[in-house]
Amino acid sequence: MESERSAIIELHMAGKSPSEILKLLNIAKGRRAFIYRTINRYKETGDTVDKPRSGRPCSVTTSALKKVVRERIRRNPHRSMRKMALELNISRRAIQKVVKRDLGMRSFKRKKVQFLSGSVKEKRVSRNKSLLALHAIGVLENTIFSDEKIFTIEEATNSQNDRVISTSVSAIPDKFRYISWMKKPLSVMVWAGVSAVGRTPLIFIPPGVKINAKTYQELVLEPVVKGLSQTMFSGQQFVFQQDGAPAHTANTTQDWLKHNIPNFIHKDEWLQYSPDLNPMDYSVWSILENKACSVSHNTVSSLKISLCREWEKIPQETLRAAVEGFPNRLRAVISKKGGYIE
């Protein structure tokens with residue numbers, strides 16, 4: 001501990017900030033206050049010697065306990081802090097202090113994802129490298145990313161952080177206390193695309209219409225995508241991206257794209273099971289849903305009006321940031337050897 005204090009003061013005298021000292025000495029983030037206290041004590045007393053303490057010495061969160069907890073988490077990070085507290089015969093609060101303050105860790109929610117076999121991971125790596133090479137030479141500069149999503153008239157909720165502040169449960173009005181759901185809520189399928197410089201209008205698929213190659217070409221490609229060179233890119237060429245849905249990978253759709261969109265990501269170039277790489281999936285749809293579906297709607301017409309209104313309100317800077325994150329995500333997948341990224 002004393003050597004740590006001396007090292008902190010040396011770096012402080014060398015002009016380093018507390019944040020820089022934290023990184024240079026590899027001190028856990030939960031101990032940031034320790035750095036500030038050491039520097040302030042040195043300014044007050046000119047020494048790093050700890051002040052006499054009035055309370056009893058720490059007897060629970062000892063170095064031995066920290067070592068035990070660290071080792072248990074290393075062997076199995078999917079551990080309950082409550083169960084660890086019971087196993088070690090200490091309070092849950094003590095375990096939480098060790099994990100957060102001393103080890104600089106916190107709990108994260110597990111996420112359910114599509115299973116990726118070894119061969120799919122290898123393909124994700126090889127195709128990511130190809131896309132990254134195209135991006136490096138500017139081929140993907142004017143890329144428009146597209147996708148479809150089904151929206152329902154129900155209120156969108158975040159089960160991880162959906163709370164109501166009140167003095168008691170009974171005091172909460174019903175409209176805030178409960179979130180209603182239906183077995184088969186009314187819904188609408190929406191197609192849209194974004195690029196660093198603009199967005200398409202939302203295309204609502206008529207109810208009862210099955211999206212196959214023919215309807216995809218008639219409702220989306222012909223009326224919207226075909227003219228994007230003029231409507232979005234001021235006469236410049238662009239690259240069109242779509243996922244591996246059957247209507248997208250059908251031979252007739254691929255032939256249509258070859259004749260009408262000179263630059264598009266071929267079905268064999270894009271990656272299957274890769275919502276973590278499409279800005280529409282990893283960013284844009286959730287932004288739109290959070291805004292347009294913050295309350296439930298009585299009709300599909302009301303839902304459509306809300307979607308269109310909130311779609312136009314999304315700042316272009318937000319869309320640009322999502323699109324420009326694409327190459328970094330390609331690199332992240334490569335570094336994870338084809339595995340999922342957050």
# chains A, B, ... in the order shown; residues from 1 in each chain; ligands from 1
>>> residues_around(residues="region 34-44 of chain A", least_positions_apart="4", cutoff="8 Å", atoms="only C-alpha atoms", output="list in words")
Arg5, Ile8, Ile9, His12, Pro18, Ile21, Leu22 and Thr48 of chain A
>>> residues_around(residues="Glu154 (chain A)", least_positions_apart="4", cutoff="8 Å", atoms="only C-alpha atoms", output="PyMOL selection string")
chain A and resi 180-182+185+293+295-297
>>> atom_distance(atom1="CA of Ser107 (chain A)", atom2="CA of Ser80 (chain A)")
9.4 Å
>>> select_by_dssp(residues="region 144-263 of chain A", states="strand (DSSP E)", output="list in words")
Ile144, Phe145, Ser146, Asp147, Glu148, Lys149, Ile150, Phe151, Thr152, Ser187, Val188, Met189, Val190, Trp191, Ala192, Gly193, Val194, Ile203, Phe204, Ile205, Val239, Phe240 and Gln241 of chain A
>>> closest_residue(among="A:Gln217, A:Ser234, A:Ser283, A:Ser19", to="Thr252 (chain A)", atoms="only C-alpha atoms")
A:Gln217
>>> residues_around(residues="Lys291 (chain A)", least_positions_apart="2", cutoff="9 Å", atoms="only C-alpha atoms", output="PDB file with N, CA and C atoms, in the first residue's frame")
ATOM      1  N   ALA A 156     -43.311  -0.341 -26.088  1.00  0.00           N
ATOM      2  CA  ALA A 156     -41.974  -0.938 -26.005  1.00  0.00           C
ATOM      3  C   ALA A 156     -41.436  -0.756 -24.593  1.00  0.00           C
ATOM      4  N   SER A 286     -33.724   0.303 -32.754  1.00  0.00           N
ATOM      5  CA  SER A 286     -34.022   0.458 -31.320  1.00  0.00           C
ATOM      6  C   SER A 286     -34.292   1.916 -30.962  1.00  0.00           C
ATOM      7  N   ILE A 287     -33.569   2.847 -31.619  1.00  0.00           N
ATOM      8  CA  ILE A 287     -33.821   4.274 -31.372  1.00  0.00           C
ATOM      9  C   ILE A 287     -35.236   4.630 -31.800  1.00  0.00           C
ATOM     10  N   LEU A 288     -35.621   4.164 -32.994  1.00  0.00           N
ATOM     11  CA  LEU A 288     -36.960   4.467 -33.502  1.00  0.00           C
ATOM     12  C   LEU A 288     -38.041   3.841 -32.628  1.00  0.00           C
ATOM     13  N   GLU A 289     -37.848   2.589 -32.221  1.00  0.00           N
ATOM     14  CA  GLU A 289     -38.855   1.909 -31.408  1.00  0.00           C
ATOM     15  C   GLU A 289     -39.022   2.579 -30.050  1.00  0.00           C
ATOM     16  N   CYS A 293     -42.732   3.996 -29.968  1.00  0.00           N
ATOM     17  CA  CYS A 293     -43.545   3.042 -29.195  1.00  0.00           C
ATOM     18  C   CYS A 293     -43.381   3.244 -27.698  1.00  0.00           C
ATOM     19  N   SER A 294     -43.128   4.483 -27.292  1.00  0.00           N
ATOM     20  CA  SER A 294     -42.995   4.763 -25.853  1.00  0.00           C
ATOM     21  C   SER A 294     -44.330   4.612 -25.139  1.00  0.00           C
ATOM     22  N   VAL A 295     -45.418   4.703 -25.896  1.00  0.00           N
ATOM     23  CA  VAL A 295     -46.757   4.422 -25.368  1.00  0.00           C
ATOM     24  C   VAL A 295     -47.454   3.475 -26.339  1.00  0.00           C
ATOM     25  N   SER A 306     -46.870   7.734 -35.792  1.00  0.00           N
ATOM     26  CA  SER A 306     -45.805   7.918 -34.792  1.00  0.00           C
ATOM     27  C   SER A 306     -44.452   7.504 -35.357  1.00  0.00           C
ATOM     28  N   LEU A 307     -44.411   6.392 -36.085  1.00  0.00           N
ATOM     29  CA  LEU A 307     -43.153   5.925 -36.676  1.00  0.00           C
ATOM     30  C   LEU A 307     -42.601   6.957 -37.658  1.00  0.00           C
ATOM     31  N   GLU A 310     -41.311  10.158 -35.723  1.00  0.00           N
ATOM     32  CA  GLU A 310     -40.065   9.969 -34.989  1.00  0.00           C
ATOM     33  C   GLU A 310     -38.907   9.624 -35.920  1.00  0.00           C
ATOM     34  N   TRP A 311     -39.210   9.010 -37.056  1.00  0.00           N
ATOM     35  CA  TRP A 311     -38.160   8.687 -38.045  1.00  0.00           C
ATOM     36  C   TRP A 311     -37.492   9.962 -38.552  1.00  0.00           C
TER      37      TRP A 311
END
